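Undergrad: The file below is data.txt, compact mmCIF, N, CA and C atoms:
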# COMPACT_ATOMS: atom_id res chain seq x y z
N MET A 1 0.81 -1.19 0.00
CA MET A 1 0.00 0.00 0.00
C MET A 1 0.86 1.27 0.00
N ARG A 2 2.06 1.17 0.53
CA ARG A 2 2.95 2.33 0.64
C ARG A 2 3.23 2.97 -0.73
N ASP A 3 3.50 2.15 -1.74
CA ASP A 3 3.77 2.67 -3.08
C ASP A 3 2.56 3.36 -3.68
N ALA A 4 1.39 2.83 -3.45
CA ALA A 4 0.16 3.44 -3.97
C ALA A 4 -0.04 4.82 -3.34
N VAL A 5 0.18 4.93 -2.05
CA VAL A 5 0.03 6.22 -1.36
C VAL A 5 1.04 7.23 -1.89
N LYS A 6 2.28 6.80 -2.12
CA LYS A 6 3.31 7.70 -2.68
C LYS A 6 2.88 8.27 -4.03
N VAL A 7 2.38 7.40 -4.88
CA VAL A 7 1.96 7.82 -6.22
C VAL A 7 0.78 8.78 -6.13
N LEU A 8 -0.21 8.44 -5.31
CA LEU A 8 -1.39 9.29 -5.18
C LEU A 8 -1.05 10.65 -4.58
N LYS A 9 -0.17 10.67 -3.58
CA LYS A 9 0.26 11.95 -3.00
C LYS A 9 1.04 12.77 -4.02
N ALA A 10 1.86 12.09 -4.80
CA ALA A 10 2.68 12.80 -5.80
C ALA A 10 1.81 13.53 -6.83
N VAL A 11 0.72 12.92 -7.23
CA VAL A 11 -0.13 13.55 -8.24
C VAL A 11 -1.23 14.41 -7.61
N GLY A 12 -1.21 14.52 -6.29
CA GLY A 12 -2.21 15.30 -5.60
C GLY A 12 -1.86 16.77 -5.48
N ASP A 13 -0.92 17.24 -6.26
CA ASP A 13 -0.49 18.63 -6.22
C ASP A 13 -0.57 19.23 -7.63
N ARG A 14 -1.09 20.42 -7.73
CA ARG A 14 -1.28 21.08 -9.02
C ARG A 14 0.03 21.23 -9.79
N ASN A 15 1.08 21.70 -9.13
CA ASN A 15 2.36 21.89 -9.82
C ASN A 15 2.95 20.57 -10.29
N ARG A 16 2.79 19.53 -9.50
CA ARG A 16 3.33 18.23 -9.92
C ARG A 16 2.55 17.67 -11.10
N LEU A 17 1.24 17.89 -11.12
CA LEU A 17 0.46 17.48 -12.30
C LEU A 17 0.94 18.25 -13.53
N ARG A 18 1.18 19.53 -13.38
CA ARG A 18 1.67 20.33 -14.51
C ARG A 18 3.02 19.82 -14.98
N ILE A 19 3.89 19.45 -14.05
CA ILE A 19 5.22 18.93 -14.42
C ILE A 19 5.06 17.65 -15.23
N ILE A 20 4.22 16.75 -14.76
CA ILE A 20 4.01 15.49 -15.50
C ILE A 20 3.51 15.77 -16.91
N LYS A 21 2.55 16.67 -17.03
CA LYS A 21 2.02 17.00 -18.36
C LYS A 21 3.08 17.67 -19.23
N MET A 22 3.97 18.47 -18.65
CA MET A 22 5.08 19.06 -19.43
C MET A 22 6.04 17.99 -19.92
N LEU A 23 6.33 17.04 -19.03
CA LEU A 23 7.30 15.99 -19.39
C LEU A 23 6.73 15.01 -20.40
N GLU A 24 5.42 15.02 -20.61
CA GLU A 24 4.85 14.25 -21.71
C GLU A 24 5.28 14.85 -23.05
N GLN A 25 5.59 16.13 -23.05
CA GLN A 25 5.96 16.83 -24.27
C GLN A 25 7.43 16.67 -24.62
N LYS A 26 8.30 16.78 -23.59
CA LYS A 26 9.74 16.66 -23.82
C LYS A 26 10.50 16.56 -22.51
N LYS A 27 11.75 16.17 -22.58
CA LYS A 27 12.63 16.20 -21.42
C LYS A 27 12.90 17.65 -21.08
N MET A 28 12.99 17.93 -19.79
CA MET A 28 13.21 19.31 -19.36
C MET A 28 14.15 19.36 -18.17
N CYS A 29 14.86 20.48 -18.05
CA CYS A 29 15.72 20.71 -16.88
C CYS A 29 14.97 21.56 -15.86
N VAL A 30 15.53 21.69 -14.67
CA VAL A 30 14.90 22.45 -13.59
C VAL A 30 14.64 23.89 -14.01
N CYS A 31 15.59 24.50 -14.71
CA CYS A 31 15.42 25.90 -15.14
C CYS A 31 14.19 26.07 -16.03
N GLU A 32 14.01 25.14 -16.95
CA GLU A 32 12.86 25.21 -17.86
C GLU A 32 11.54 25.03 -17.10
N ILE A 33 11.52 24.05 -16.22
CA ILE A 33 10.29 23.79 -15.45
C ILE A 33 9.98 24.99 -14.56
N SER A 34 11.00 25.54 -13.94
CA SER A 34 10.83 26.72 -13.09
C SER A 34 10.26 27.89 -13.88
N ALA A 35 10.74 28.09 -15.09
CA ALA A 35 10.26 29.18 -15.93
C ALA A 35 8.78 29.02 -16.29
N VAL A 36 8.36 27.79 -16.56
CA VAL A 36 6.96 27.55 -16.92
C VAL A 36 6.06 27.72 -15.70
N LEU A 37 6.45 27.12 -14.58
CA LEU A 37 5.63 27.17 -13.38
C LEU A 37 5.70 28.54 -12.68
N GLN A 38 6.75 29.27 -12.97
CA GLN A 38 7.01 30.56 -12.32
C GLN A 38 7.12 30.41 -10.80
N ILE A 39 7.90 29.40 -10.40
CA ILE A 39 8.25 29.20 -9.00
C ILE A 39 9.77 28.99 -8.94
N THR A 40 10.34 29.05 -7.75
CA THR A 40 11.79 28.97 -7.59
C THR A 40 12.33 27.58 -7.94
N GLN A 41 13.59 27.55 -8.31
CA GLN A 41 14.23 26.27 -8.63
C GLN A 41 14.25 25.31 -7.43
N PRO A 42 14.50 25.80 -6.20
CA PRO A 42 14.42 24.85 -5.07
C PRO A 42 13.03 24.23 -4.91
N SER A 43 11.98 25.01 -5.17
CA SER A 43 10.62 24.46 -5.09
C SER A 43 10.41 23.41 -6.17
N VAL A 44 10.89 23.70 -7.38
CA VAL A 44 10.79 22.72 -8.47
C VAL A 44 11.54 21.45 -8.10
N SER A 45 12.73 21.60 -7.57
CA SER A 45 13.53 20.43 -7.19
C SER A 45 12.81 19.57 -6.16
N LYS A 46 12.12 20.18 -5.23
CA LYS A 46 11.35 19.43 -4.23
C LYS A 46 10.22 18.65 -4.91
N HIS A 47 9.51 19.30 -5.81
CA HIS A 47 8.44 18.61 -6.55
C HIS A 47 9.01 17.44 -7.36
N LEU A 48 10.14 17.67 -8.01
CA LEU A 48 10.77 16.61 -8.81
C LEU A 48 11.20 15.44 -7.94
N SER A 49 11.70 15.74 -6.77
CA SER A 49 12.12 14.68 -5.84
C SER A 49 10.93 13.80 -5.44
N ILE A 50 9.79 14.41 -5.18
CA ILE A 50 8.58 13.66 -4.80
C ILE A 50 8.12 12.79 -5.97
N LEU A 51 8.12 13.36 -7.17
CA LEU A 51 7.71 12.59 -8.36
C LEU A 51 8.67 11.44 -8.63
N LYS A 52 9.95 11.69 -8.44
CA LYS A 52 10.95 10.64 -8.67
C LYS A 52 10.80 9.52 -7.64
N ASP A 53 10.61 9.90 -6.39
CA ASP A 53 10.44 8.91 -5.32
C ASP A 53 9.21 8.03 -5.55
N ALA A 54 8.20 8.60 -6.20
CA ALA A 54 6.98 7.84 -6.50
C ALA A 54 7.14 6.96 -7.74
N GLY A 55 8.26 7.09 -8.45
CA GLY A 55 8.50 6.27 -9.65
C GLY A 55 7.85 6.83 -10.90
N LEU A 56 7.45 8.11 -10.87
CA LEU A 56 6.78 8.70 -12.02
C LEU A 56 7.74 9.35 -13.01
N ILE A 57 8.88 9.82 -12.53
CA ILE A 57 9.88 10.45 -13.40
C ILE A 57 11.26 9.92 -13.07
N HIS A 58 12.19 10.18 -13.96
CA HIS A 58 13.59 9.90 -13.66
C HIS A 58 14.44 11.03 -14.23
N ASP A 59 15.71 11.01 -13.86
CA ASP A 59 16.61 12.05 -14.34
C ASP A 59 17.84 11.41 -14.97
N GLU A 60 18.45 12.17 -15.86
CA GLU A 60 19.71 11.72 -16.46
C GLU A 60 20.53 12.94 -16.85
N ARG A 61 21.82 12.80 -16.67
CA ARG A 61 22.72 13.90 -17.01
C ARG A 61 22.86 13.98 -18.52
N SER A 62 22.78 15.22 -19.02
CA SER A 62 22.95 15.49 -20.44
C SER A 62 23.86 16.71 -20.55
N GLY A 63 25.17 16.46 -20.62
CA GLY A 63 26.11 17.58 -20.62
C GLY A 63 26.07 18.28 -19.28
N GLN A 64 25.83 19.59 -19.32
CA GLN A 64 25.80 20.36 -18.07
C GLN A 64 24.44 20.34 -17.39
N TRP A 65 23.45 19.75 -18.02
CA TRP A 65 22.10 19.73 -17.48
C TRP A 65 21.74 18.36 -16.94
N ILE A 66 20.77 18.37 -16.04
CA ILE A 66 20.12 17.13 -15.64
C ILE A 66 18.72 17.21 -16.23
N ASP A 67 18.43 16.30 -17.13
CA ASP A 67 17.13 16.26 -17.80
C ASP A 67 16.19 15.34 -17.05
N TYR A 68 14.97 15.80 -16.91
CA TYR A 68 13.91 15.01 -16.27
C TYR A 68 12.94 14.55 -17.35
N SER A 69 12.47 13.33 -17.22
CA SER A 69 11.51 12.78 -18.17
C SER A 69 10.63 11.78 -17.43
N LEU A 70 9.55 11.37 -18.08
CA LEU A 70 8.68 10.38 -17.48
C LEU A 70 9.44 9.06 -17.37
N CYS A 71 9.22 8.37 -16.29
CA CYS A 71 9.92 7.11 -16.03
C CYS A 71 9.31 6.00 -16.89
N SER A 72 10.16 5.31 -17.60
CA SER A 72 9.68 4.19 -18.41
C SER A 72 9.92 2.85 -17.70
N GLU A 73 10.70 2.88 -16.63
CA GLU A 73 10.92 1.67 -15.85
C GLU A 73 9.74 1.46 -14.91
N HIS A 74 9.54 0.24 -14.51
CA HIS A 74 8.45 -0.06 -13.58
C HIS A 74 9.03 -0.12 -12.17
N ILE A 75 9.15 1.05 -11.54
CA ILE A 75 9.67 1.14 -10.18
C ILE A 75 8.69 0.49 -9.20
N ASN A 76 7.42 0.71 -9.45
CA ASN A 76 6.37 0.04 -8.69
C ASN A 76 5.20 -0.21 -9.64
N ARG A 77 4.22 -0.91 -9.22
CA ARG A 77 3.14 -1.26 -10.15
C ARG A 77 2.10 -0.17 -10.31
N TYR A 78 2.14 0.88 -9.49
CA TYR A 78 1.13 1.93 -9.54
C TYR A 78 1.53 3.09 -10.45
N ALA A 79 2.80 3.42 -10.51
CA ALA A 79 3.26 4.56 -11.31
C ALA A 79 2.91 4.44 -12.79
N PRO A 80 3.17 3.30 -13.44
CA PRO A 80 2.81 3.20 -14.86
C PRO A 80 1.32 3.34 -15.13
N VAL A 81 0.51 2.82 -14.22
CA VAL A 81 -0.94 2.94 -14.37
C VAL A 81 -1.35 4.41 -14.27
N MET A 82 -0.77 5.12 -13.29
CA MET A 82 -1.09 6.53 -13.13
C MET A 82 -0.61 7.33 -14.34
N GLN A 83 0.56 7.02 -14.87
CA GLN A 83 1.05 7.71 -16.07
C GLN A 83 0.09 7.51 -17.24
N ASP A 84 -0.39 6.30 -17.41
CA ASP A 84 -1.35 6.02 -18.50
C ASP A 84 -2.63 6.83 -18.33
N VAL A 85 -3.13 6.88 -17.12
CA VAL A 85 -4.36 7.63 -16.86
C VAL A 85 -4.13 9.11 -17.09
N LEU A 86 -3.04 9.64 -16.55
CA LEU A 86 -2.77 11.08 -16.69
C LEU A 86 -2.52 11.49 -18.14
N HIS A 87 -2.04 10.56 -18.93
CA HIS A 87 -1.80 10.86 -20.34
C HIS A 87 -3.10 11.24 -21.05
N THR A 88 -4.20 10.71 -20.58
CA THR A 88 -5.49 11.01 -21.20
C THR A 88 -6.26 12.11 -20.48
N TRP A 89 -5.82 12.47 -19.29
CA TRP A 89 -6.50 13.50 -18.50
C TRP A 89 -5.89 14.88 -18.73
N LEU A 90 -6.66 15.90 -18.56
CA LEU A 90 -6.24 17.31 -18.52
C LEU A 90 -5.72 17.86 -19.84
N ASN A 91 -5.87 17.12 -20.92
CA ASN A 91 -5.33 17.58 -22.19
C ASN A 91 -6.06 18.79 -22.76
N ASP A 92 -7.25 19.06 -22.24
CA ASP A 92 -7.98 20.24 -22.70
C ASP A 92 -8.04 21.32 -21.61
N ASP A 93 -7.29 21.12 -20.54
CA ASP A 93 -7.23 22.11 -19.46
C ASP A 93 -6.48 23.35 -19.93
N ARG A 94 -7.03 24.53 -19.68
CA ARG A 94 -6.43 25.79 -20.15
C ARG A 94 -4.99 25.97 -19.66
N GLN A 95 -4.73 25.64 -18.39
CA GLN A 95 -3.37 25.79 -17.85
C GLN A 95 -2.39 24.86 -18.56
N ILE A 96 -2.79 23.65 -18.79
CA ILE A 96 -1.92 22.68 -19.48
C ILE A 96 -1.66 23.15 -20.91
N LEU A 97 -2.67 23.63 -21.58
CA LEU A 97 -2.50 24.14 -22.95
C LEU A 97 -1.57 25.35 -22.96
N ASP A 98 -1.72 26.24 -21.98
CA ASP A 98 -0.83 27.40 -21.88
C ASP A 98 0.61 26.97 -21.62
N ASP A 99 0.79 25.99 -20.71
CA ASP A 99 2.13 25.49 -20.42
C ASP A 99 2.79 24.94 -21.69
N ARG A 100 2.04 24.23 -22.48
CA ARG A 100 2.59 23.66 -23.72
C ARG A 100 3.04 24.74 -24.68
N GLU A 101 2.32 25.85 -24.72
CA GLU A 101 2.73 26.97 -25.57
C GLU A 101 4.01 27.62 -25.06
N VAL A 102 4.12 27.77 -23.75
CA VAL A 102 5.33 28.36 -23.15
C VAL A 102 6.53 27.47 -23.42
N ILE A 103 6.35 26.16 -23.29
CA ILE A 103 7.44 25.21 -23.51
C ILE A 103 8.07 25.42 -24.89
N LYS A 104 7.25 25.68 -25.88
CA LYS A 104 7.73 25.86 -27.25
C LYS A 104 8.67 27.06 -27.38
N THR A 105 8.58 28.02 -26.48
CA THR A 105 9.37 29.25 -26.59
C THR A 105 10.63 29.23 -25.74
N LEU A 106 10.83 28.20 -24.94
CA LEU A 106 11.94 28.16 -24.00
C LEU A 106 13.28 27.91 -24.70
N CYS A 107 14.28 28.58 -24.20
CA CYS A 107 15.67 28.34 -24.63
C CYS A 107 16.48 28.08 -23.37
N ARG A 108 16.79 26.82 -23.12
CA ARG A 108 17.46 26.47 -21.86
C ARG A 108 18.80 27.17 -21.69
N GLU A 109 19.50 27.41 -22.79
CA GLU A 109 20.79 28.10 -22.69
C GLU A 109 20.61 29.49 -22.11
N GLU A 110 19.56 30.18 -22.51
CA GLU A 110 19.28 31.52 -21.98
C GLU A 110 18.80 31.45 -20.53
N LEU A 111 17.91 30.52 -20.25
CA LEU A 111 17.35 30.41 -18.91
C LEU A 111 18.40 30.03 -17.87
N CYS A 112 19.25 29.12 -18.21
CA CYS A 112 20.20 28.56 -17.24
C CYS A 112 21.41 29.45 -16.98
N LYS A 113 21.63 30.43 -17.81
CA LYS A 113 22.79 31.30 -17.58
C LYS A 113 22.44 32.49 -16.69
N LYS A 114 21.16 32.65 -16.36
CA LYS A 114 20.74 33.75 -15.48
C LYS A 114 21.23 33.53 -14.07
Let me see the structure of the file written as structure tokens.
TA:
Amino acid sequence: MRDAVKVLKAVGDRNRLRIIKMLEQKKMCVCEISAVLQITQPSVSKHLSILKDAGLIHDERSGQWIDYSLCSEHINRYAPVMQDVLHTWLNDDRQILDDREVIKTLCREELCKK
């Protein structure tokens, strides 16, 4: 039951849902996610840590960046089911649609050098 609770708590936050929906579009670094959510990088990192602990996302180093993406491994049996469900949910939500438009305009090189 512990894994199920982790997954449900992880998706029980608006910003974490937005992060998951962004990562459906592409891999992103903390700077990019912070720019879309308009919250601090430490806050984004905390959200990412919760999502990672729940088995919903993973990270990998890509040059100077750490890229976050949806987890394709089966860390637990609940995370993949939740990813499948979320993939079909919120696709017509105004905030999610706005986030997708912002993502298209991001330049990580510019964001990360600030």
Undergrad: Distance atom C of Cys29 of chain A-atom C of Trp65 of chain A, one decimal place?
TA: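 Rounded to one decimal, the two atoms are 7.6 Å apart.
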Undergrad: Could you name the residues that touch segment 10-21 of chain A at 6.5 Å or less, counting all atoms listed in the file, but leaving out those on the same chain fewer than 5 positions away, as a VMD selection string?
TA: chain A and resid 5 47 50 to 51
Undergrad: For a cutoff of 8 Å around the file-coordinate point (21.6, 26.5, -16.9), which residues qualify once you count all atoms listed in the file? I'd like the result as a list in words.
TA: Val30, Cys31, Glu32, Gln64, Trp65, Arg108, Glu109, Glu110, Leu111, Cys112, Lys113 and Lys114 of chain A
Undergrad: As a list of chain:residue names, which residues of segment 22-79 of chain A does DSSP assign to strand (DSSP E or B)?
TA: A:Met28, A:Ile57, A:His58, A:Asp59, A:Glu60, A:Arg61, A:Ser62, A:Trp65, A:Ile66, A:Asp67, A:Tyr68, A:Ser69, A:Leu70
Undergrad: Please measure the separation of atom N of Leu97 of chain A and atom N of Met22 of chain A, giving the value in Å to one decimal.
TA: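 It comes out at 8.9 Å.
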Undergrad: I'd like the neighbourhood of Lys26 of chain A as a PyMOL selection string, where a residue qualifies if any of its atoms comes within 7 Å (using all atoms listed in the file), though same-chain residues fewer than 5 positions away should be ignored.
TA: chain A and resi 21+68-70
Undergrad: List every protein, DNA or RNA residue that has at least one atom no more than 8 Å from (1.5, 10.3, -19.8) in the file's coordinates, counting all atoms listed in the file, and write the result as a PyMOL selection string.
TA: chain A and resi 20-21+23-25+70+82-89
Undergrad: Using only C-alpha atoms, determine which residues lie at most 10 Å from Glu73 of chain A, disregarding the query and same-chain residues fewer than 4 positions distant; provide the list as a ChimeraX atom specification.
TA: /A:55-58,79-80
Undergrad: Give me, please, the distance in Å between atom C of Val7 of chain A and atom CA of Ser45 of chain A, quoted to one decimal.
TA: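 Atom C of Val7 of chain A sits 17.3 Å away from atom CA of Ser45 of chain A.
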Undergrad: Need the shell around segment 35-41 of chain A: protein/DNA/RNA residues with any atom at most 7 Å away, counting only N, CA and C atoms. Skip same-chain ones fewer than 5 positions apart. Format as a list in words?
TA: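 Non-adjacent residues within range: Val30, Lys46, Asp99, Val102 and Ile103 of chain A.
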Undergrad: Write out as a PDB file with N, CA and C atoms, in the frame of the given file each polymer residue whose atoms come within 8 Å of Arg77 of chain A, counting all atoms listed in the file; drop sequence neighbours fewer than 4 positions from it.
TA:
ATOM      1  N   ASP A   3       3.500   2.150  -1.740  1.00  0.00           N
ATOM      2  CA  ASP A   3       3.770   2.670  -3.080  1.00  0.00           C
ATOM      3  C   ASP A   3       2.560   3.360  -3.680  1.00  0.00           C
ATOM      4  N   ALA A   4       1.390   2.830  -3.450  1.00  0.00           N
ATOM      5  CA  ALA A   4       0.160   3.440  -3.970  1.00  0.00           C
ATOM      6  C   ALA A   4      -0.040   4.820  -3.340  1.00  0.00           C
ATOM      7  N   VAL A  81       0.510   2.820 -14.220  1.00  0.00           N
ATOM      8  CA  VAL A  81      -0.940   2.940 -14.370  1.00  0.00           C
ATOM      9  C   VAL A  81      -1.350   4.410 -14.270  1.00  0.00           C
ATOM     10  N   MET A  82      -0.770   5.120 -13.290  1.00  0.00           N
ATOM     11  CA  MET A  82      -1.090   6.530 -13.130  1.00  0.00           C
ATOM     12  C   MET A  82      -0.610   7.330 -14.340  1.00  0.00           C
TER      13      MET A  82
END
Undergrad: Looking at A:Lys52, A:Leu90, A:Glu101, A:Val44, which one is nearest to Ser72 of chain A, with distances taken over only C-alpha atoms?
TA: A:Lys52
